[in-house]
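Here is input_25.cif, consisting of mmCIF, C-alpha atoms:
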data_entry
#
loop_
_atom_site.label_atom_id
_atom_site.label_comp_id
_atom_site.auth_asym_id
_atom_site.auth_seq_id
_atom_site.Cartn_x
_atom_site.Cartn_y
_atom_site.Cartn_z
CA GLY A 1 2.77 11.56 -10.84
CA ALA A 2 4.11 11.27 -7.31
CA VAL A 3 7.17 9.06 -7.03
CA VAL A 4 8.46 7.28 -3.94
CA SER A 5 11.89 5.69 -4.11
CA GLN A 6 13.24 3.01 -1.81
CA HIS A 7 16.84 1.96 -1.43
CA PRO A 8 18.19 -0.65 -1.50
CA SER A 9 15.81 -2.82 -3.49
CA TRP A 10 17.28 -5.90 -1.87
CA VAL A 11 19.83 -6.63 0.85
CA ILE A 12 21.36 -9.72 2.41
CA CYS A 13 22.89 -9.40 5.85
CA LYS A 14 24.22 -11.64 8.56
CA SER A 15 22.33 -12.30 11.73
CA GLY A 16 23.09 -9.72 14.40
CA THR A 17 23.90 -6.86 12.04
CA SER A 18 21.80 -3.78 11.35
CA VAL A 19 20.31 -2.72 8.05
CA LYS A 20 19.09 0.71 7.02
CA ILE A 21 16.37 1.20 4.40
CA GLU A 22 15.72 4.60 2.87
CA CYS A 23 12.44 5.94 1.58
CA ARG A 24 12.42 9.15 -0.43
CA SER A 25 9.64 11.19 -1.95
CA LEU A 26 11.18 12.43 -5.18
CA ASP A 27 8.79 15.08 -6.43
CA PHE A 28 6.75 16.06 -3.40
CA GLN A 29 7.11 16.76 0.29
CA ALA A 30 5.77 14.12 2.64
CA THR A 31 4.85 15.01 6.19
CA THR A 32 3.81 11.42 6.83
CA MET A 33 5.33 8.17 5.65
CA PHE A 34 4.13 4.68 6.45
CA TRP A 35 6.23 1.54 6.76
CA TYR A 36 4.75 -1.84 5.89
CA ARG A 37 6.07 -5.39 6.04
CA GLN A 38 4.96 -8.25 3.84
CA PHE A 39 5.79 -11.92 4.38
CA PRO A 40 5.53 -14.41 1.49
CA LYS A 41 1.99 -15.07 0.31
CA GLN A 42 0.61 -12.61 2.84
CA SER A 43 -0.79 -9.11 2.63
CA LEU A 44 0.92 -5.90 3.69
CA MET A 45 0.95 -5.20 7.40
CA LEU A 46 1.43 -1.68 8.72
CA MET A 47 4.41 -1.44 11.04
CA ALA A 48 4.62 2.24 11.87
CA THR A 49 3.70 5.74 10.90
CA SER A 50 6.56 8.16 10.46
CA ASN A 51 5.95 11.87 10.99
CA GLU A 52 8.49 14.49 10.00
CA GLY A 53 10.09 16.07 13.03
CA SER A 54 8.45 13.84 15.61
CA LYS A 55 8.57 10.31 16.95
CA ALA A 56 7.13 7.50 14.90
CA THR A 57 3.97 5.73 15.98
CA TYR A 58 4.28 1.95 16.04
CA GLU A 59 1.56 -0.63 15.57
CA GLN A 60 0.86 -3.11 18.31
CA GLY A 61 3.40 -5.90 18.37
CA VAL A 62 6.12 -3.97 16.50
CA GLU A 63 9.21 -3.38 18.63
CA LYS A 64 10.23 0.26 18.37
CA ASP A 65 13.74 -0.45 19.64
CA LYS A 66 14.26 -3.02 16.94
CA PHE A 67 12.78 -1.08 14.05
CA LEU A 68 14.18 2.42 14.34
CA ILE A 69 12.47 5.04 12.23
CA ASN A 70 13.85 8.46 11.47
CA HIS A 71 11.96 11.08 9.46
CA ALA A 72 14.42 13.94 9.49
CA SER A 73 13.19 15.80 6.43
CA LEU A 74 10.08 16.17 4.33
CA THR A 75 11.53 13.92 1.65
CA LEU A 76 13.32 11.19 3.57
CA SER A 77 12.39 8.55 6.11
CA THR A 78 14.64 5.68 7.15
CA LEU A 79 13.90 2.34 8.73
CA THR A 80 16.77 0.60 10.52
CA VAL A 81 16.37 -3.05 11.42
CA THR A 82 18.70 -3.49 14.37
CA SER A 83 20.29 -6.80 15.34
CA ALA A 84 18.54 -8.52 12.48
CA HIS A 85 17.54 -12.17 12.78
CA PRO A 86 16.34 -14.62 10.13
CA GLU A 87 12.71 -14.08 11.20
CA ASP A 88 13.09 -10.42 10.16
CA SER A 89 13.56 -11.54 6.57
CA SER A 90 10.68 -9.94 4.72
CA PHE A 91 9.63 -7.41 2.08
CA TYR A 92 9.61 -3.90 3.55
CA ILE A 93 7.59 -1.22 1.77
CA CYS A 94 7.17 2.47 2.47
CA SER A 95 4.45 4.85 1.36
CA ALA A 96 4.08 8.58 1.53
CA SER A 97 1.39 11.22 1.52
CA ALA A 98 1.98 14.56 -0.17
CA ARG A 99 2.28 17.55 2.12
CA ASP A 100 0.34 19.95 -0.06
CA ARG A 101 -2.62 17.65 0.26
CA ALA A 102 -2.28 17.22 4.00
CA SER A 103 -5.74 18.62 4.54
CA SER A 104 -7.23 16.45 1.83
CA TYR A 105 -7.70 13.08 3.43
CA ASN A 106 -8.68 11.36 0.23
CA SER A 107 -5.38 11.93 -1.56
CA PRO A 108 -3.90 8.56 -2.49
CA LEU A 109 -0.79 7.18 -0.85
CA HIS A 110 2.10 6.38 -3.14
CA PHE A 111 4.32 3.40 -2.52
CA GLY A 112 7.96 2.62 -3.05
CA ASN A 113 8.99 -0.56 -4.82
CA GLY A 114 9.99 -2.27 -1.62
CA THR A 115 13.15 -3.70 -0.10
CA ARG A 116 13.69 -7.45 0.08
CA LEU A 117 15.62 -8.20 3.28
CA THR A 118 17.22 -11.60 3.75
CA VAL A 119 18.96 -12.31 7.04
CA THR A 120 21.28 -15.32 7.02
CA ASP B 1 -11.67 0.91 9.27
CA ALA B 2 -14.46 -1.03 7.60
CA LYS B 3 -13.47 -4.46 6.40
CA THR B 4 -13.72 -5.55 2.79
CA THR B 5 -14.44 -8.92 1.24
CA GLN B 6 -12.98 -9.93 -2.10
CA PRO B 7 -12.79 -13.22 -3.98
CA THR B 8 -9.46 -14.93 -3.51
CA SER B 9 -8.76 -15.31 -7.19
CA MET B 10 -10.17 -14.64 -10.65
CA ASP B 11 -9.17 -15.38 -14.21
CA CYS B 12 -9.79 -13.19 -17.21
CA ALA B 13 -9.07 -13.65 -20.90
CA GLU B 14 -6.66 -11.19 -22.47
CA GLY B 15 -8.53 -8.36 -24.20
CA ARG B 16 -11.68 -8.90 -22.19
CA ALA B 17 -12.96 -6.70 -19.42
CA ALA B 18 -11.96 -7.76 -15.91
CA ASN B 19 -14.61 -7.06 -13.29
CA LEU B 20 -13.34 -7.33 -9.72
CA PRO B 21 -15.99 -7.19 -7.01
CA CYS B 22 -15.62 -5.96 -3.45
CA ASN B 23 -18.06 -5.98 -0.55
CA HIS B 24 -17.77 -3.31 2.12
CA SER B 25 -21.13 -3.53 3.85
CA THR B 26 -20.05 -1.67 7.00
CA ILE B 27 -18.60 1.35 5.22
CA SER B 28 -19.25 4.71 6.88
CA GLY B 29 -20.47 7.82 5.13
CA ASN B 30 -17.09 9.56 5.14
CA GLU B 31 -15.01 6.59 4.00
CA TYR B 32 -13.62 6.34 0.50
CA VAL B 33 -13.12 3.15 -1.49
CA TYR B 34 -9.59 2.76 -2.83
CA TRP B 35 -8.18 0.22 -5.23
CA TYR B 36 -4.53 -0.71 -5.45
CA ARG B 37 -2.77 -3.53 -7.18
CA GLN B 38 0.51 -5.29 -6.48
CA ILE B 39 2.49 -7.01 -9.15
CA HIS B 40 4.77 -9.71 -7.79
CA SER B 41 7.69 -8.37 -5.74
CA GLN B 42 6.77 -4.73 -6.31
CA GLY B 43 5.14 -2.05 -4.20
CA PRO B 44 1.40 -1.45 -4.48
CA GLN B 45 0.26 0.75 -7.34
CA TYR B 46 -2.63 3.17 -6.93
CA ILE B 47 -5.45 2.59 -9.40
CA ILE B 48 -8.49 4.63 -8.48
CA HIS B 49 -10.67 5.76 -5.60
CA GLY B 50 -14.18 7.07 -5.06
CA LEU B 51 -16.75 8.10 -2.48
CA LYS B 52 -20.19 7.48 -3.99
CA ASN B 53 -20.09 8.44 -7.63
CA ASN B 54 -18.67 6.21 -10.31
CA GLU B 55 -15.16 7.15 -11.32
CA THR B 56 -13.04 6.56 -14.40
CA ASN B 57 -9.42 7.22 -15.20
CA GLU B 58 -6.88 5.99 -17.72
CA MET B 59 -6.41 2.73 -15.86
CA ALA B 60 -9.86 1.64 -14.78
CA SER B 61 -13.44 2.40 -13.84
CA LEU B 62 -14.92 2.17 -10.37
CA ILE B 63 -18.59 1.44 -9.95
CA ILE B 64 -19.99 1.97 -6.46
CA THR B 65 -23.50 0.80 -5.64
CA GLU B 66 -26.02 3.36 -4.50
CA ASP B 67 -26.03 1.99 -0.94
CA ARG B 68 -22.18 2.00 -1.04
CA LYS B 69 -22.04 -1.52 0.34
CA SER B 70 -20.17 -2.87 -2.63
CA SER B 71 -18.11 -1.79 -5.59
CA THR B 72 -16.61 -3.19 -8.77
CA LEU B 73 -13.30 -2.34 -10.36
CA ILE B 74 -13.37 -2.66 -14.12
CA LEU B 75 -10.28 -3.05 -16.28
CA PRO B 76 -11.83 -2.53 -19.72
CA HIS B 77 -9.31 -4.45 -21.82
CA ALA B 78 -7.16 -6.68 -19.65
CA THR B 79 -3.60 -7.41 -20.74
CA LEU B 80 -1.10 -9.95 -19.44
CA ARG B 81 0.59 -7.14 -17.53
CA ASP B 82 -2.57 -6.65 -15.49
CA THR B 83 -1.91 -9.96 -13.71
CA ALA B 84 -1.56 -8.89 -10.07
CA VAL B 85 -3.16 -8.94 -6.65
CA TYR B 86 -5.89 -6.30 -6.48
CA TYR B 87 -6.72 -4.75 -3.14
CA CYS B 88 -10.00 -3.03 -2.33
CA ILE B 89 -9.53 -0.80 0.71
CA VAL B 90 -11.89 1.36 2.68
CA ARG B 91 -10.04 4.30 4.09
CA SER B 92 -11.05 6.17 7.22
CA LEU B 93 -10.83 9.94 7.02
CA SER B 94 -10.99 10.49 10.77
CA GLY B 95 -8.14 12.17 12.60
CA SER B 96 -4.74 10.95 11.61
CA ALA B 97 -5.94 7.55 10.44
CA ARG B 98 -4.90 8.06 6.86
CA GLN B 99 -2.99 4.85 6.48
CA LEU B 100 -4.22 2.07 4.23
CA THR B 101 -5.18 -1.25 5.81
CA PHE B 102 -4.72 -4.08 3.32
CA GLY B 103 -6.86 -7.20 3.24
CA SER B 104 -6.09 -10.36 1.32
CA GLY B 105 -6.99 -9.00 -2.11
CA THR B 106 -7.92 -10.81 -5.32
CA GLN B 107 -5.29 -12.54 -7.42
CA LEU B 108 -6.25 -11.67 -10.99
CA THR B 109 -4.67 -13.82 -13.65
CA VAL B 110 -5.02 -12.66 -17.23
CA LEU B 111 -4.84 -15.61 -19.59
CA PRO B 112 -3.51 -15.43 -23.14
#

Taking this structure as input, can you express it in the form of C-alpha coordinates?
Amino acid sequence: GAVVSQHPSWVICKSGTSVKIECRSLDFQATTMFWYRQFPKQSLMLMATSNEGSKATYEQGVEKDKFLINHASLTLSTLTVTSAHPEDSSFYICSASARDRASSYNSPLHFGNGTRLTVT
Amino acid sequence: DAKTTQPTSMDCAEGRAANLPCNHSTISGNEYVYWYRQIHSQGPQYIIHGLKNNETNEMASLIITEDRKSSTLILPHATLRDTAVYYCIVRSLSGSARQLTFGSGTQLTVLP
(Lines of atoms letter the chains of each structure in order from A and count residues from 1; the text may use other names and numbers.)
(Lines give C-alpha, C1' and ligand atoms only; values in the text may rest on other atoms or scores of the structure.)
Protein backbone atom coordinates (compact mmCIF):
# COMPACT_ATOMS: atom_id res chain seq x y z
CA GLY A 1 0.00 0.00 0.00
CA ALA A 2 0.96 3.65 -0.33
CA VAL A 3 3.42 4.81 2.29
CA VAL A 4 4.03 8.37 3.47
CA SER A 5 7.03 9.01 5.69
CA GLN A 6 7.56 12.02 7.93
CA HIS A 7 10.80 13.09 9.53
CA PRO A 8 11.54 13.79 12.29
CA SER A 9 8.90 12.04 14.38
CA TRP A 10 9.53 14.48 17.19
CA VAL A 11 11.62 17.61 17.71
CA ILE A 12 12.30 20.01 20.55
CA CYS A 13 13.58 23.46 19.70
CA LYS A 14 14.16 26.76 21.40
CA SER A 15 11.92 29.72 20.88
CA GLY A 16 13.02 31.82 17.91
CA THR A 17 14.63 29.00 15.95
CA SER A 18 13.32 27.36 12.78
CA VAL A 19 12.37 23.75 12.31
CA LYS A 20 12.03 21.82 9.06
CA ILE A 21 9.70 18.83 8.72
CA GLU A 22 9.95 16.50 5.74
CA CYS A 23 7.16 14.52 4.15
CA ARG A 24 8.01 11.85 1.60
CA SER A 25 5.88 9.56 -0.51
CA LEU A 26 7.91 6.36 -0.58
CA ASP A 27 6.28 4.26 -3.26
CA PHE A 28 4.27 6.69 -5.33
CA GLN A 29 4.47 10.14 -6.83
CA ALA A 30 2.40 12.83 -5.18
CA THR A 31 1.42 15.94 -7.08
CA THR A 32 -0.43 17.23 -4.03
CA MET A 33 0.42 17.02 -0.36
CA PHE A 34 -1.59 18.42 2.52
CA TRP A 35 -0.26 19.70 5.84
CA TYR A 36 -2.38 19.43 8.96
CA ARG A 37 -1.89 20.54 12.56
CA GLN A 38 -3.43 18.91 15.60
CA PHE A 39 -3.48 20.37 19.10
CA PRO A 40 -4.05 18.11 22.14
CA LYS A 41 -7.54 16.65 22.36
CA GLN A 42 -8.54 18.36 19.13
CA SER A 43 -9.11 17.19 15.59
CA LEU A 44 -6.82 17.71 12.61
CA MET A 45 -6.94 21.15 11.04
CA LEU A 46 -5.80 21.68 7.46
CA MET A 47 -3.04 24.26 7.25
CA ALA A 48 -2.08 24.27 3.59
CA THR A 49 -2.13 22.42 0.32
CA SER A 50 1.22 21.83 -1.31
CA ASN A 51 1.41 21.42 -5.07
CA GLU A 52 4.54 20.21 -6.82
CA GLY A 53 6.20 22.99 -8.76
CA SER A 54 3.90 25.77 -7.60
CA LYS A 55 3.13 27.87 -4.56
CA ALA A 56 1.28 26.33 -1.67
CA THR A 57 -2.27 27.36 -0.86
CA TYR A 58 -2.81 28.31 2.77
CA GLU A 59 -5.99 28.08 4.79
CA GLN A 60 -7.44 31.20 6.34
CA GLY A 61 -5.59 32.21 9.47
CA VAL A 62 -2.38 30.33 8.63
CA GLU A 63 0.59 32.65 8.14
CA LYS A 64 2.41 31.72 4.95
CA ASP A 65 5.56 33.56 6.00
CA LYS A 66 5.72 31.60 9.21
CA PHE A 67 4.93 28.18 7.79
CA LEU A 68 7.05 27.86 4.67
CA ILE A 69 6.13 25.01 2.37
CA ASN A 70 8.30 23.69 -0.42
CA HIS A 71 7.20 20.91 -2.77
CA ALA A 72 10.22 20.62 -5.02
CA SER A 73 9.68 17.09 -6.26
CA LEU A 74 6.91 14.57 -6.70
CA THR A 75 8.03 12.67 -3.62
CA LEU A 76 9.02 15.38 -1.15
CA SER A 77 7.32 18.30 0.55
CA THR A 78 8.79 20.24 3.45
CA LEU A 79 7.21 22.43 6.09
CA THR A 80 9.47 24.92 7.85
CA VAL A 81 8.20 26.56 11.01
CA THR A 82 10.14 29.81 11.16
CA SER A 83 10.87 31.70 14.37
CA ALA A 84 9.02 29.10 16.36
CA HIS A 85 7.21 30.07 19.56
CA PRO A 86 5.72 27.91 22.30
CA GLU A 87 2.23 28.35 20.82
CA ASP A 88 3.49 26.57 17.68
CA SER A 89 3.98 23.42 19.72
CA SER A 90 1.69 20.90 18.10
CA PHE A 91 1.43 17.64 16.14
CA TYR A 92 2.08 18.27 12.45
CA ILE A 93 0.85 15.68 9.95
CA CYS A 94 1.20 15.47 6.19
CA SER A 95 -0.83 13.51 3.68
CA ALA A 96 -0.38 12.79 0.02
CA SER A 97 -2.41 11.83 -3.00
CA ALA A 98 -0.96 9.52 -5.64
CA ARG A 99 -0.19 11.10 -8.99
CA ASP A 100 -1.37 8.20 -11.10
CA ARG A 101 -4.79 8.64 -9.58
CA ALA A 102 -4.85 12.40 -10.03
CA SER A 103 -7.95 12.15 -12.16
CA SER A 104 -9.66 9.82 -9.72
CA TYR A 105 -10.99 12.06 -7.02
CA ASN A 106 -12.07 9.24 -4.79
CA SER A 107 -8.59 7.80 -4.24
CA PRO A 108 -7.81 7.86 -0.52
CA LEU A 109 -5.23 10.16 0.99
CA HIS A 110 -2.41 8.51 2.88
CA PHE A 111 -0.97 10.07 5.98
CA GLY A 112 2.44 10.21 7.57
CA ASN A 113 2.88 9.35 11.23
CA GLY A 114 3.21 12.96 12.26
CA THR A 115 5.86 15.16 13.86
CA ARG A 116 5.54 16.24 17.47
CA LEU A 117 6.99 19.76 17.77
CA THR A 118 7.75 21.18 21.20
CA VAL A 119 9.03 24.75 21.39
CA THR A 120 10.61 25.71 24.70
CA ASP B 1 -18.00 19.92 2.31
CA ALA B 2 -21.01 18.38 4.01
CA LYS B 3 -20.71 18.12 7.77
CA THR B 4 -20.90 14.85 9.64
CA THR B 5 -22.22 14.02 13.09
CA GLN B 6 -20.76 11.21 15.16
CA PRO B 7 -21.16 10.16 18.77
CA THR B 8 -18.34 11.43 20.93
CA SER B 9 -17.44 8.05 22.35
CA MET B 10 -18.39 4.38 22.29
CA ASP B 11 -17.29 1.24 24.07
CA CYS B 12 -17.17 -2.23 22.61
CA ALA B 13 -16.27 -5.60 24.10
CA GLU B 14 -13.27 -7.35 22.62
CA GLY B 15 -14.32 -9.90 20.01
CA ARG B 16 -17.65 -8.25 19.41
CA ALA B 17 -18.64 -6.24 16.38
CA ALA B 18 -18.18 -2.48 16.72
CA ASN B 19 -20.81 -0.45 14.88
CA LEU B 20 -19.92 3.22 14.50
CA PRO B 21 -22.69 5.46 13.19
CA CYS B 22 -22.34 8.67 11.20
CA ASN B 23 -24.95 11.15 10.03
CA HIS B 24 -24.30 13.17 6.89
CA SER B 25 -27.74 14.45 6.02
CA THR B 26 -26.54 17.21 3.68
CA ILE B 27 -24.32 15.00 1.54
CA SER B 28 -24.34 15.76 -2.19
CA GLY B 29 -24.70 13.22 -4.94
CA ASN B 30 -21.03 13.27 -5.94
CA GLU B 31 -19.57 13.12 -2.43
CA TYR B 32 -17.99 9.97 -1.05
CA VAL B 33 -18.06 8.84 2.56
CA TYR B 34 -14.60 8.09 3.96
CA TRP B 35 -13.60 6.53 7.24
CA TYR B 36 -10.24 7.01 8.88
CA ARG B 37 -9.01 6.20 12.34
CA GLN B 38 -6.28 7.70 14.47
CA ILE B 39 -4.51 5.77 17.15
CA HIS B 40 -3.01 7.99 19.82
CA SER B 41 -0.04 10.05 18.61
CA GLN B 42 -0.07 8.56 15.12
CA GLY B 43 -1.24 9.79 11.74
CA PRO B 44 -4.72 8.89 10.50
CA GLN B 45 -5.11 5.48 8.90
CA TYR B 46 -7.41 4.96 5.94
CA ILE B 47 -10.09 2.33 6.55
CA ILE B 48 -12.66 2.36 3.79
CA HIS B 49 -14.76 4.60 1.58
CA GLY B 50 -17.93 4.37 -0.48
CA LEU B 51 -20.41 6.30 -2.59
CA LYS B 52 -23.76 4.52 -2.31
CA ASN B 53 -23.16 0.81 -2.29
CA ASN B 54 -22.06 -1.10 0.76
CA GLU B 55 -18.36 -1.81 0.81
CA THR B 56 -16.19 -4.38 2.54
CA ASN B 57 -12.46 -4.83 2.82
CA GLU B 58 -10.06 -6.66 5.10
CA MET B 59 -10.48 -4.07 7.83
CA ALA B 60 -14.15 -3.23 7.93
CA SER B 61 -17.54 -2.96 6.27
CA LEU B 62 -19.30 0.25 5.34
CA ILE B 63 -23.07 0.34 5.22
CA ILE B 64 -24.59 3.41 3.57
CA THR B 65 -28.33 4.00 3.79
CA GLU B 66 -30.31 4.20 0.59
CA ASP B 67 -30.90 7.94 1.01
CA ARG B 68 -27.15 8.34 1.77
CA LYS B 69 -27.91 10.49 4.79
CA SER B 70 -26.14 8.17 7.18
CA SER B 71 -23.66 5.34 7.29
CA THR B 72 -22.27 2.77 9.70
CA LEU B 73 -18.73 1.49 9.93
CA ILE B 74 -18.57 -2.09 11.16
CA LEU B 75 -15.48 -3.67 12.66
CA PRO B 76 -16.59 -7.32 12.72
CA HIS B 77 -14.40 -8.58 15.55
CA ALA B 78 -12.98 -5.71 17.55
CA THR B 79 -9.59 -6.13 19.21
CA LEU B 80 -7.83 -3.98 21.78
CA ARG B 81 -5.72 -2.54 18.98
CA ASP B 82 -8.84 -1.09 17.39
CA THR B 83 -9.08 1.46 20.22
CA ALA B 84 -8.79 4.78 18.38
CA VAL B 85 -10.63 7.88 17.26
CA TYR B 86 -12.72 7.09 14.18
CA TYR B 87 -13.45 9.86 11.72
CA CYS B 88 -16.32 9.82 9.25
CA ILE B 89 -15.61 12.32 6.47
CA VAL B 90 -17.59 13.42 3.47
CA ARG B 91 -15.25 14.37 0.69
CA SER B 92 -16.07 16.84 -2.05
CA LEU B 93 -15.01 15.83 -5.53
CA SER B 94 -15.34 19.30 -7.02
CA GLY B 95 -12.35 21.07 -8.52
CA SER B 96 -9.24 20.83 -6.45
CA ALA B 97 -11.06 20.31 -3.16
CA ARG B 98 -9.65 16.87 -2.55
CA GLN B 99 -8.47 17.48 0.95
CA LEU B 100 -10.10 15.77 3.91
CA THR B 101 -11.90 17.91 6.48
CA PHE B 102 -11.87 16.21 9.87
CA GLY B 103 -14.64 16.55 12.44
CA SER B 104 -14.44 15.51 16.07
CA GLY B 105 -14.74 11.77 15.45
CA THR B 106 -15.77 8.96 17.78
CA GLN B 107 -13.44 7.67 20.45
CA LEU B 108 -13.89 3.90 20.32
CA THR B 109 -12.61 2.02 23.33
CA VAL B 110 -12.42 -1.75 23.05
CA LEU B 111 -12.70 -3.33 26.47
CA PRO B 112 -11.08 -6.63 27.44

Which one is closest to chain B: A:Leu79, A:Val19, A:Val4, A:Leu26? Count all atoms listed in the file.
A:Val4

Give as a short mmCIF file (atom, residue, chain, number, x, y, z; two decimals) with C-alpha atoms, in the frame of the given file every residue, naming chains and numbers as the document does, that has an atom within 9 Å of (19.2, -5.5, 2.8), counting all atoms listed in the file.
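Output contents, as saved in result26.cif:
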data_model
loop_
_atom_site.label_atom_id
_atom_site.label_comp_id
_atom_site.auth_asym_id
_atom_site.auth_seq_id
_atom_site.Cartn_x
_atom_site.Cartn_y
_atom_site.Cartn_z
CA HIS A 7 16.84 1.96 -1.43
CA PRO A 8 18.19 -0.65 -1.50
CA SER A 9 15.81 -2.82 -3.49
CA TRP A 10 17.28 -5.90 -1.87
CA VAL A 11 19.83 -6.63 0.85
CA ILE A 12 21.36 -9.72 2.41
CA CYS A 13 22.89 -9.40 5.85
CA VAL A 19 20.31 -2.72 8.05
CA LYS A 20 19.09 0.71 7.02
CA ILE A 21 16.37 1.20 4.40
CA THR A 115 13.15 -3.70 -0.10
CA ARG A 116 13.69 -7.45 0.08
CA LEU A 117 15.62 -8.20 3.28
CA THR A 118 17.22 -11.60 3.75
CA VAL A 119 18.96 -12.31 7.04
#

May I ask you to extract the residues of chain B within 7 Å of chain A, using all atoms listed in the file, and to give them as a VMD selection string?
chain B and resid 42 to 46 93 98 102 to 104

Name the residues captured by the PyMOL selection byres ((chain B and resi 28-34) around 9) when it is applied to the shown file; answer as number ranges by chain.
A: 106, 108; B: 1-2, 24-27, 35-36, 46-52, 64, 68, 71, 87-94, 100

Give me the result of the PyMOL selection byres ((chain A and resi 85) around 9) on this file, residue by residue, as a list in words.
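Matching residues under the PyMOL selection byres ((chain A and resi 85) around 9) are Lys14, Ser15, Gly16, Thr17, Thr82, Ser83, Ala84, Pro86, Glu87, Asp88, Ser89, Val119 and Thr120 of chain A.
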
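Residues matched by the PyMOL selection byres ((chain B and resi 17) around 9) in this structure: Cys12, Ala13, Glu14, Gly15, Arg16, Ala18, Asn19, Ile74, Leu75, Pro76, His77 and Ala78 of chain B.
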
Interatomic distance between CA of Arg37 (chain A) and CA of Leu80 (chain B)?
26.9 Å

In Å to one decimal, how far is CA of Met10 (chain B) from CA of Thr106 (chain B)?
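The value is 6.9 Å.
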
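Between CA of Ala84 (chain B) and CA of Thr8 (chain B) the interatomic distance comes to 11.9 Å.
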
What residues have an atom no more than 10 Å from (8.3, 10.8, 8.5) in the file's own frame, counting all atoms listed in the file, and can you write them as number ranges by chain?
A: 23-24, 30-35, 48-56, 69-78, 96-97
